[in-house]
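*Asks:* Below is the file query.cif, which contains mmCIF, N, CA and C atoms.
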data_entry
#
loop_
_atom_site.label_atom_id
_atom_site.label_comp_id
_atom_site.auth_asym_id
_atom_site.auth_seq_id
_atom_site.Cartn_x
_atom_site.Cartn_y
_atom_site.Cartn_z
N MET E 1 -21.71 25.06 27.27
CA MET E 1 -20.32 24.64 27.37
C MET E 1 -20.04 24.22 28.81
N SER E 2 -19.49 23.06 28.97
CA SER E 2 -19.20 22.57 30.32
C SER E 2 -17.78 22.95 30.70
N GLY E 3 -17.45 22.75 31.97
CA GLY E 3 -16.10 23.00 32.46
C GLY E 3 -15.25 21.75 32.45
N GLU E 4 -15.70 20.72 31.73
CA GLU E 4 -14.96 19.46 31.70
C GLU E 4 -13.55 19.70 31.16
N THR E 5 -12.58 19.04 31.79
CA THR E 5 -11.20 19.22 31.35
C THR E 5 -10.91 18.39 30.11
N LEU E 6 -9.88 18.82 29.41
CA LEU E 6 -9.43 18.08 28.23
C LEU E 6 -9.08 16.65 28.60
N GLU E 7 -8.36 16.46 29.69
CA GLU E 7 -7.96 15.10 30.06
C GLU E 7 -9.17 14.21 30.34
N SER E 8 -10.13 14.71 31.09
CA SER E 8 -11.33 13.93 31.40
C SER E 8 -12.09 13.56 30.13
N TYR E 9 -12.27 14.54 29.26
CA TYR E 9 -12.98 14.30 28.01
C TYR E 9 -12.22 13.30 27.14
N ALA E 10 -10.90 13.45 27.06
CA ALA E 10 -10.08 12.56 26.23
C ALA E 10 -10.12 11.13 26.74
N ARG E 11 -10.08 10.96 28.06
CA ARG E 11 -10.16 9.59 28.61
C ARG E 11 -11.50 8.94 28.28
N ALA E 12 -12.57 9.70 28.40
CA ALA E 12 -13.89 9.17 28.03
C ALA E 12 -13.93 8.86 26.53
N TRP E 13 -13.34 9.73 25.72
CA TRP E 13 -13.29 9.53 24.27
C TRP E 13 -12.59 8.22 23.94
N ILE E 14 -11.45 7.98 24.56
CA ILE E 14 -10.69 6.74 24.30
C ILE E 14 -11.52 5.53 24.74
N ALA E 15 -12.14 5.61 25.90
CA ALA E 15 -12.93 4.48 26.42
C ALA E 15 -14.12 4.16 25.53
N GLN E 16 -14.70 5.18 24.91
CA GLN E 16 -15.91 4.99 24.10
C GLN E 16 -15.63 4.82 22.62
N ARG E 17 -14.40 5.03 22.23
CA ARG E 17 -14.04 5.04 20.80
C ARG E 17 -14.25 3.67 20.17
N GLN E 18 -14.81 3.67 18.97
CA GLN E 18 -15.00 2.45 18.20
C GLN E 18 -13.94 2.38 17.10
N GLY E 19 -13.63 1.19 16.69
CA GLY E 19 -12.73 1.01 15.57
C GLY E 19 -13.41 1.38 14.26
N PRO E 20 -12.68 1.34 13.17
CA PRO E 20 -13.23 1.76 11.88
C PRO E 20 -14.42 0.92 11.41
N ARG E 21 -14.54 -0.29 11.88
CA ARG E 21 -15.66 -1.16 11.45
C ARG E 21 -16.69 -1.38 12.56
N GLY E 22 -16.59 -0.58 13.64
CA GLY E 22 -17.60 -0.66 14.68
C GLY E 22 -17.17 -1.30 15.98
N PRO E 23 -16.37 -2.37 15.97
CA PRO E 23 -16.00 -2.97 17.25
C PRO E 23 -15.05 -2.05 18.02
N PRO E 24 -14.84 -2.32 19.29
CA PRO E 24 -13.91 -1.50 20.08
C PRO E 24 -12.52 -1.44 19.44
N LEU E 25 -11.79 -0.42 19.84
CA LEU E 25 -10.43 -0.26 19.33
C LEU E 25 -9.58 -1.48 19.63
N ALA E 26 -8.63 -1.75 18.76
CA ALA E 26 -7.64 -2.78 19.04
C ALA E 26 -6.87 -2.36 20.29
N GLU E 27 -6.47 -3.32 21.07
CA GLU E 27 -5.77 -3.04 22.32
C GLU E 27 -4.53 -2.17 22.09
N ARG E 28 -3.77 -2.45 21.06
CA ARG E 28 -2.56 -1.68 20.78
C ARG E 28 -2.89 -0.22 20.44
N THR E 29 -3.96 0.00 19.71
CA THR E 29 -4.38 1.36 19.38
C THR E 29 -4.78 2.11 20.65
N ARG E 30 -5.56 1.46 21.48
CA ARG E 30 -5.97 2.06 22.75
C ARG E 30 -4.75 2.42 23.61
N GLU E 31 -3.78 1.51 23.66
CA GLU E 31 -2.55 1.76 24.42
C GLU E 31 -1.78 2.95 23.85
N THR E 32 -1.72 3.05 22.54
CA THR E 32 -1.03 4.17 21.90
C THR E 32 -1.71 5.48 22.25
N TYR E 33 -3.04 5.51 22.18
CA TYR E 33 -3.78 6.72 22.55
C TYR E 33 -3.52 7.10 24.01
N LEU E 34 -3.61 6.12 24.90
CA LEU E 34 -3.39 6.40 26.32
C LEU E 34 -1.96 6.86 26.59
N ASN E 35 -0.99 6.26 25.89
CA ASN E 35 0.40 6.67 26.05
C ASN E 35 0.57 8.13 25.62
N SER E 36 -0.01 8.49 24.47
CA SER E 36 0.08 9.88 24.01
C SER E 36 -0.57 10.82 25.01
N LEU E 37 -1.73 10.45 25.49
CA LEU E 37 -2.43 11.28 26.46
C LEU E 37 -1.62 11.43 27.74
N ASP E 38 -1.14 10.32 28.28
CA ASP E 38 -0.44 10.35 29.56
C ASP E 38 0.93 11.02 29.50
N ARG E 39 1.63 10.86 28.41
CA ARG E 39 3.01 11.37 28.32
C ARG E 39 3.11 12.76 27.70
N HIS E 40 2.19 13.10 26.82
CA HIS E 40 2.38 14.33 26.05
C HIS E 40 1.22 15.32 26.12
N ASN E 41 0.01 14.86 26.17
CA ASN E 41 -1.14 15.77 26.16
C ASN E 41 -1.51 16.21 27.57
N ALA E 42 -1.80 15.26 28.44
CA ALA E 42 -2.31 15.60 29.78
C ALA E 42 -1.33 16.41 30.63
N PRO E 43 -0.05 16.11 30.64
CA PRO E 43 0.84 16.88 31.53
C PRO E 43 0.87 18.38 31.24
N ARG E 44 0.75 18.77 30.00
CA ARG E 44 0.85 20.19 29.65
C ARG E 44 -0.50 20.88 29.52
N ILE E 45 -1.49 20.21 28.94
CA ILE E 45 -2.75 20.90 28.66
C ILE E 45 -3.99 20.15 29.15
N GLY E 46 -3.80 19.00 29.77
CA GLY E 46 -4.93 18.19 30.20
C GLY E 46 -5.80 18.83 31.27
N HIS E 47 -5.23 19.73 32.06
CA HIS E 47 -5.96 20.39 33.14
C HIS E 47 -6.92 21.47 32.65
N LEU E 48 -6.74 21.88 31.40
CA LEU E 48 -7.55 22.98 30.87
C LEU E 48 -8.99 22.53 30.57
N PRO E 49 -9.96 23.39 30.87
CA PRO E 49 -11.31 23.11 30.40
C PRO E 49 -11.30 23.10 28.86
N LEU E 50 -12.10 22.26 28.26
CA LEU E 50 -12.14 22.16 26.79
C LEU E 50 -12.23 23.53 26.13
N ALA E 51 -13.11 24.37 26.64
CA ALA E 51 -13.34 25.68 26.02
C ALA E 51 -12.14 26.62 26.14
N LYS E 52 -11.19 26.31 26.99
CA LYS E 52 -10.01 27.17 27.17
C LYS E 52 -8.84 26.73 26.29
N VAL E 53 -8.98 25.63 25.57
CA VAL E 53 -7.92 25.17 24.68
C VAL E 53 -8.04 25.99 23.39
N SER E 54 -7.09 26.88 23.19
CA SER E 54 -7.13 27.80 22.05
C SER E 54 -6.10 27.39 21.00
N PRO E 55 -6.23 27.91 19.78
CA PRO E 55 -5.21 27.62 18.77
C PRO E 55 -3.81 28.03 19.22
N SER E 56 -3.67 29.14 19.94
CA SER E 56 -2.33 29.55 20.38
C SER E 56 -1.77 28.60 21.42
N ILE E 57 -2.61 28.09 22.31
CA ILE E 57 -2.15 27.09 23.29
C ILE E 57 -1.72 25.83 22.56
N VAL E 58 -2.49 25.42 21.57
CA VAL E 58 -2.15 24.21 20.80
C VAL E 58 -0.82 24.41 20.07
N ARG E 59 -0.63 25.57 19.44
CA ARG E 59 0.63 25.83 18.73
C ARG E 59 1.83 25.77 19.66
N THR E 60 1.70 26.40 20.82
CA THR E 60 2.81 26.41 21.78
C THR E 60 3.09 25.00 22.28
N TRP E 61 2.04 24.27 22.66
CA TRP E 61 2.20 22.89 23.13
C TRP E 61 2.87 22.03 22.06
N HIS E 62 2.39 22.13 20.83
CA HIS E 62 2.94 21.31 19.76
C HIS E 62 4.37 21.69 19.43
N SER E 63 4.65 22.97 19.40
CA SER E 63 6.01 23.44 19.14
C SER E 63 6.98 22.92 20.20
N ASP E 64 6.57 22.97 21.45
CA ASP E 64 7.41 22.45 22.53
C ASP E 64 7.61 20.94 22.38
N LEU E 65 6.58 20.23 21.98
CA LEU E 65 6.68 18.79 21.80
C LEU E 65 7.60 18.44 20.63
N VAL E 66 7.48 19.15 19.53
CA VAL E 66 8.36 18.93 18.37
C VAL E 66 9.81 19.18 18.76
N ALA E 67 10.03 20.19 19.60
CA ALA E 67 11.40 20.55 20.01
C ALA E 67 12.08 19.45 20.83
N THR E 68 11.32 18.50 21.34
CA THR E 68 11.93 17.40 22.10
C THR E 68 12.63 16.41 21.18
N GLY E 69 12.43 16.57 19.87
CA GLY E 69 13.08 15.67 18.92
C GLY E 69 12.40 14.32 18.77
N LYS E 70 11.12 14.27 19.09
CA LYS E 70 10.35 13.03 18.99
C LYS E 70 9.22 13.23 17.99
N PRO E 71 9.53 13.16 16.70
CA PRO E 71 8.52 13.48 15.69
C PRO E 71 7.31 12.54 15.69
N THR E 72 7.53 11.27 15.95
CA THR E 72 6.40 10.33 15.98
C THR E 72 5.47 10.64 17.14
N ALA E 73 6.04 10.91 18.30
CA ALA E 73 5.23 11.26 19.47
C ALA E 73 4.46 12.55 19.21
N ALA E 74 5.12 13.52 18.58
CA ALA E 74 4.46 14.80 18.29
C ALA E 74 3.30 14.58 17.32
N ARG E 75 3.52 13.79 16.29
CA ARG E 75 2.48 13.53 15.29
C ARG E 75 1.30 12.80 15.91
N GLN E 76 1.58 11.75 16.68
CA GLN E 76 0.51 10.95 17.28
C GLN E 76 -0.28 11.76 18.31
N SER E 77 0.41 12.54 19.11
CA SER E 77 -0.25 13.33 20.14
C SER E 77 -1.12 14.42 19.53
N TYR E 78 -0.63 15.04 18.47
CA TYR E 78 -1.39 16.06 17.76
C TYR E 78 -2.64 15.45 17.13
N ALA E 79 -2.47 14.31 16.48
CA ALA E 79 -3.60 13.64 15.84
C ALA E 79 -4.66 13.24 16.87
N LEU E 80 -4.21 12.75 18.02
CA LEU E 80 -5.15 12.40 19.09
C LEU E 80 -5.91 13.64 19.54
N LEU E 81 -5.19 14.73 19.79
CA LEU E 81 -5.84 15.96 20.24
C LEU E 81 -6.86 16.45 19.21
N ARG E 82 -6.48 16.42 17.95
CA ARG E 82 -7.42 16.87 16.90
C ARG E 82 -8.67 15.99 16.88
N ALA E 83 -8.50 14.69 16.96
CA ALA E 83 -9.66 13.78 16.93
C ALA E 83 -10.57 14.00 18.13
N VAL E 84 -9.98 14.15 19.30
CA VAL E 84 -10.76 14.39 20.51
C VAL E 84 -11.55 15.69 20.38
N MET E 85 -10.89 16.74 19.91
CA MET E 85 -11.55 18.03 19.80
C MET E 85 -12.60 18.04 18.68
N THR E 86 -12.39 17.27 17.63
CA THR E 86 -13.41 17.14 16.59
C THR E 86 -14.68 16.54 17.18
N THR E 87 -14.52 15.52 18.01
CA THR E 87 -15.68 14.91 18.65
C THR E 87 -16.33 15.88 19.62
N ALA E 88 -15.53 16.68 20.32
CA ALA E 88 -16.11 17.69 21.23
C ALA E 88 -16.99 18.68 20.46
N VAL E 89 -16.57 19.05 19.26
CA VAL E 89 -17.40 19.92 18.42
C VAL E 89 -18.68 19.18 18.02
N ASP E 90 -18.53 17.94 17.58
CA ASP E 90 -19.70 17.14 17.19
C ASP E 90 -20.68 16.97 18.35
N ASP E 91 -20.14 16.85 19.58
CA ASP E 91 -20.97 16.68 20.77
C ASP E 91 -21.60 17.98 21.27
N GLY E 92 -21.20 19.10 20.68
CA GLY E 92 -21.71 20.38 21.12
C GLY E 92 -20.97 20.96 22.32
N ALA E 93 -19.87 20.35 22.71
CA ALA E 93 -19.08 20.85 23.84
C ALA E 93 -18.22 22.04 23.44
N LEU E 94 -17.94 22.19 22.14
CA LEU E 94 -17.17 23.31 21.60
C LEU E 94 -17.87 23.83 20.35
N HIS E 95 -17.65 25.10 20.05
CA HIS E 95 -18.21 25.67 18.82
C HIS E 95 -17.33 25.37 17.62
N ARG E 96 -15.99 25.33 17.86
CA ARG E 96 -15.08 25.02 16.76
C ARG E 96 -13.85 24.30 17.32
N ASN E 97 -13.16 23.61 16.43
CA ASN E 97 -11.99 22.85 16.82
C ASN E 97 -10.77 23.78 16.84
N PRO E 98 -10.08 23.90 17.98
CA PRO E 98 -8.91 24.76 18.05
C PRO E 98 -7.64 24.11 17.49
N VAL E 99 -7.77 22.88 17.00
CA VAL E 99 -6.61 22.14 16.49
C VAL E 99 -6.72 22.06 14.97
N PRO E 100 -5.91 22.84 14.25
CA PRO E 100 -6.01 22.83 12.79
C PRO E 100 -5.65 21.48 12.17
N ASP E 101 -6.25 21.21 11.04
CA ASP E 101 -5.89 20.01 10.27
C ASP E 101 -4.60 20.34 9.54
N CYS E 102 -3.53 19.69 9.94
CA CYS E 102 -2.20 20.02 9.38
C CYS E 102 -1.65 18.93 8.48
N ARG E 103 -2.51 18.08 7.97
CA ARG E 103 -2.02 17.04 7.07
C ARG E 103 -1.37 17.70 5.85
N GLY E 104 -0.16 17.26 5.56
CA GLY E 104 0.51 17.76 4.38
C GLY E 104 1.26 19.05 4.59
N ARG E 105 1.25 19.59 5.83
CA ARG E 105 2.04 20.79 6.11
C ARG E 105 2.46 20.76 7.57
N ALA E 106 3.47 21.50 7.88
CA ALA E 106 3.94 21.54 9.26
C ALA E 106 2.90 22.22 10.15
N ALA E 107 2.79 21.74 11.36
CA ALA E 107 1.82 22.33 12.31
C ALA E 107 2.37 23.60 12.90
#
Is it possible to express this structure as structure tokens?

*Replies:*
Amino acid sequence: MSGETLESYARAWIAQRQGPRGPPLAERTRETYLNSLDRHNAPRIGHLPLAKVSPSIVRTWHSDLVATGKPTAARQSYALLRAVMTTAVDDGALHRNPVPDCRGRAA
């Protein structure tokens, strides 16, 4: 397990991310991911090493974000965090994803 921060890993993830059919992400998708990272993910939890991001930290972060009254931002930021952490598990950087799959239920 490395000490790489969530923000560093997420930025690399966005830069390397492929679209659903293989080519790079559409520019608008990339911008949406970066906006979520810059405005909602990185300021609160981006400094944490990947291995220090726990389910309780995710719950608190998400609850605080939902409380801002921006449901779309909360949904997009949560989805980005889950996708990034899923890849971290696939890469062997984490043993398990601390971000639950909340499709169809409140986070």

*Asks:* List the residues matched by the PyMOL selection byres ((chain E and resi 55) around 7) in the displayed structure as a list of chain:residue names, ordered by chain and then by residue number.

*Replies:* E:Val53, E:Ser54, E:Ser56, E:Ile57, E:Val58, E:Arg59, E:Thr60, E:Asn97, E:Pro98, E:Val99, E:Pro100

*Asks:* Rank E:Pro43, E:Trp13, E:Asp91, E:Cys102 by their smallest atom-to-atom distance to Leu25 (chain E), using only C-alpha atoms, and report the top residue only.

*Replies:*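 Among the listed residues, E:Trp13 lies closest to Leu25 (chain E).
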
*Asks:* Could you tell me how far CA of Val66 (chain E) sits from atom C of Val89 (chain E), in Å to one decimal place?

*Replies:*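 Those two atoms sit 27.0 Å apart.
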
*Asks:* Out of E:Ala67, E:Gly22, E:Ser8, E:Arg17, which residue has the shortest atom-to-atom distance to Asn41 (chain E) when counting only C-alpha atoms?

*Replies:*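 Looking at the shortest contact to Asn41 (chain E), the residue is E:Ser8.
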
*Asks:* Find the residues around region 44-51 of chain E up to 9 Å (only C-alpha atoms counted), leave out those fewer than 2 positions away in its own chain, and share them as a PDB file with N, CA and C atoms, keeping the file's coordinate frame.

*Replies:*
ATOM      1  N   MET E   1     -21.710  25.060  27.270  1.00  0.00           N
ATOM      2  CA  MET E   1     -20.320  24.640  27.370  1.00  0.00           C
ATOM      3  C   MET E   1     -20.040  24.220  28.810  1.00  0.00           C
ATOM      4  N   SER E   2     -19.490  23.060  28.970  1.00  0.00           N
ATOM      5  CA  SER E   2     -19.200  22.570  30.320  1.00  0.00           C
ATOM      6  C   SER E   2     -17.780  22.950  30.700  1.00  0.00           C
ATOM      7  N   GLY E   3     -17.450  22.750  31.970  1.00  0.00           N
ATOM      8  CA  GLY E   3     -16.100  23.000  32.460  1.00  0.00           C
ATOM      9  C   GLY E   3     -15.250  21.750  32.450  1.00  0.00           C
ATOM     10  N   GLU E   4     -15.700  20.720  31.730  1.00  0.00           N
ATOM     11  CA  GLU E   4     -14.960  19.460  31.700  1.00  0.00           C
ATOM     12  C   GLU E   4     -13.550  19.700  31.160  1.00  0.00           C
ATOM     13  N   THR E   5     -12.580  19.040  31.790  1.00  0.00           N
ATOM     14  CA  THR E   5     -11.200  19.220  31.350  1.00  0.00           C
ATOM     15  C   THR E   5     -10.910  18.390  30.110  1.00  0.00           C
ATOM     16  N   LEU E   6      -9.880  18.820  29.410  1.00  0.00           N
ATOM     17  CA  LEU E   6      -9.430  18.080  28.230  1.00  0.00           C
ATOM     18  C   LEU E   6      -9.080  16.650  28.600  1.00  0.00           C
ATOM     19  N   GLU E   7      -8.360  16.460  29.690  1.00  0.00           N
ATOM     20  CA  GLU E   7      -7.960  15.100  30.060  1.00  0.00           C
ATOM     21  C   GLU E   7      -9.170  14.210  30.340  1.00  0.00           C
ATOM     22  N   SER E   8     -10.130  14.710  31.090  1.00  0.00           N
ATOM     23  CA  SER E   8     -11.330  13.930  31.400  1.00  0.00           C
ATOM     24  C   SER E   8     -12.090  13.560  30.130  1.00  0.00           C
ATOM     25  N   TYR E   9     -12.270  14.540  29.260  1.00  0.00           N
ATOM     26  CA  TYR E   9     -12.980  14.300  28.010  1.00  0.00           C
ATOM     27  C   TYR E   9     -12.220  13.300  27.140  1.00  0.00           C
ATOM     28  N   ALA E  10     -10.900  13.450  27.060  1.00  0.00           N
ATOM     29  CA  ALA E  10     -10.080  12.560  26.230  1.00  0.00           C
ATOM     30  C   ALA E  10     -10.120  11.130  26.740  1.00  0.00           C
ATOM     31  N   LEU E  37      -1.730  10.450  25.490  1.00  0.00           N
ATOM     32  CA  LEU E  37      -2.430  11.280  26.460  1.00  0.00           C
ATOM     33  C   LEU E  37      -1.620  11.430  27.740  1.00  0.00           C
ATOM     34  N   HIS E  40       2.190  13.100  26.820  1.00  0.00           N
ATOM     35  CA  HIS E  40       2.380  14.330  26.050  1.00  0.00           C
ATOM     36  C   HIS E  40       1.220  15.320  26.120  1.00  0.00           C
ATOM     37  N   ASN E  41       0.010  14.860  26.170  1.00  0.00           N
ATOM     38  CA  ASN E  41      -1.140  15.770  26.160  1.00  0.00           C
ATOM     39  C   ASN E  41      -1.510  16.210  27.570  1.00  0.00           C
ATOM     40  N   ALA E  42      -1.800  15.260  28.440  1.00  0.00           N
ATOM     41  CA  ALA E  42      -2.310  15.600  29.780  1.00  0.00           C
ATOM     42  C   ALA E  42      -1.330  16.410  30.630  1.00  0.00           C
ATOM     43  N   VAL E  53      -8.980  25.630  25.570  1.00  0.00           N
ATOM     44  CA  VAL E  53      -7.920  25.170  24.680  1.00  0.00           C
ATOM     45  C   VAL E  53      -8.040  25.990  23.390  1.00  0.00           C
ATOM     46  N   SER E  54      -7.090  26.880  23.190  1.00  0.00           N
ATOM     47  CA  SER E  54      -7.130  27.800  22.050  1.00  0.00           C
ATOM     48  C   SER E  54      -6.100  27.390  21.000  1.00  0.00           C
ATOM     49  N   ILE E  57      -2.610  28.090  22.310  1.00  0.00           N
ATOM     50  CA  ILE E  57      -2.150  27.090  23.290  1.00  0.00           C
ATOM     51  C   ILE E  57      -1.720  25.830  22.560  1.00  0.00           C
ATOM     52  N   VAL E  58      -2.490  25.420  21.570  1.00  0.00           N
ATOM     53  CA  VAL E  58      -2.150  24.210  20.800  1.00  0.00           C
ATOM     54  C   VAL E  58      -0.820  24.410  20.070  1.00  0.00           C
ATOM     55  N   TRP E  61       2.040  24.270  22.660  1.00  0.00           N
ATOM     56  CA  TRP E  61       2.200  22.890  23.130  1.00  0.00           C
ATOM     57  C   TRP E  61       2.870  22.030  22.060  1.00  0.00           C
ATOM     58  N   MET E  85     -10.890  16.740  19.910  1.00  0.00           N
ATOM     59  CA  MET E  85     -11.550  18.030  19.800  1.00  0.00           C
ATOM     60  C   MET E  85     -12.600  18.040  18.680  1.00  0.00           C
ATOM     61  N   ALA E  88     -15.530  16.680  20.320  1.00  0.00           N
ATOM     62  CA  ALA E  88     -16.110  17.690  21.230  1.00  0.00           C
ATOM     63  C   ALA E  88     -16.990  18.680  20.460  1.00  0.00           C
ATOM     64  N   ALA E  93     -19.870  20.350  22.710  1.00  0.00           N
ATOM     65  CA  ALA E  93     -19.080  20.850  23.840  1.00  0.00           C
ATOM     66  C   ALA E  93     -18.220  22.040  23.440  1.00  0.00           C
ATOM     67  N   LEU E  94     -17.940  22.190  22.140  1.00  0.00           N
ATOM     68  CA  LEU E  94     -17.170  23.310  21.600  1.00  0.00           C
ATOM     69  C   LEU E  94     -17.870  23.830  20.350  1.00  0.00           C
ATOM     70  N   HIS E  95     -17.650  25.100  20.050  1.00  0.00           N
ATOM     71  CA  HIS E  95     -18.210  25.670  18.820  1.00  0.00           C
ATOM     72  C   HIS E  95     -17.330  25.370  17.620  1.00  0.00           C
TER      73      HIS E  95
END

*Asks:* Would you work out the distance separating CA of Tyr33 (chain E) from CA of Gln76 (chain E), expressed in Å to one decimal?

*Replies:*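 Pair CA of Tyr33 (chain E) / CA of Gln76 (chain E) returns 8.0 Å.
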
*Asks:* In Å, how far is it from CA of Leu80 (chain E) to CA of Arg28 (chain E)?

*Replies:*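 Between CA of Leu80 (chain E) and CA of Arg28 (chain E) the gap works out to 14.4 Å.
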
*Asks:* Residues within 8 Å of region 71-73 of chain E, please, as a ChimeraX atom specification. Count only N, CA and C atoms; anything in the same chain fewer than 6 positions from it doesn't count.

*Replies:* /E:36,40,65,79

*Asks:* List every residue of chain E that DSSP, applied to the backbone, labels as helix (DSSP H, G or I), and write the result as JSON, numbers by chain.

*Replies:* {"E": [6, 7, 8, 9, 10, 11, 12, 13, 14, 15, 16, 27, 28, 29, 30, 31, 32, 33, 34, 35, 36, 37, 38, 39, 40, 41, 42, 43, 44, 45, 50, 51, 52, 55, 56, 57, 58, 59, 60, 61, 62, 63, 64, 65, 66, 71, 72, 73, 74, 75, 76, 77, 78, 79, 80, 81, 82, 83, 84, 85, 86, 87, 88, 89, 90]}
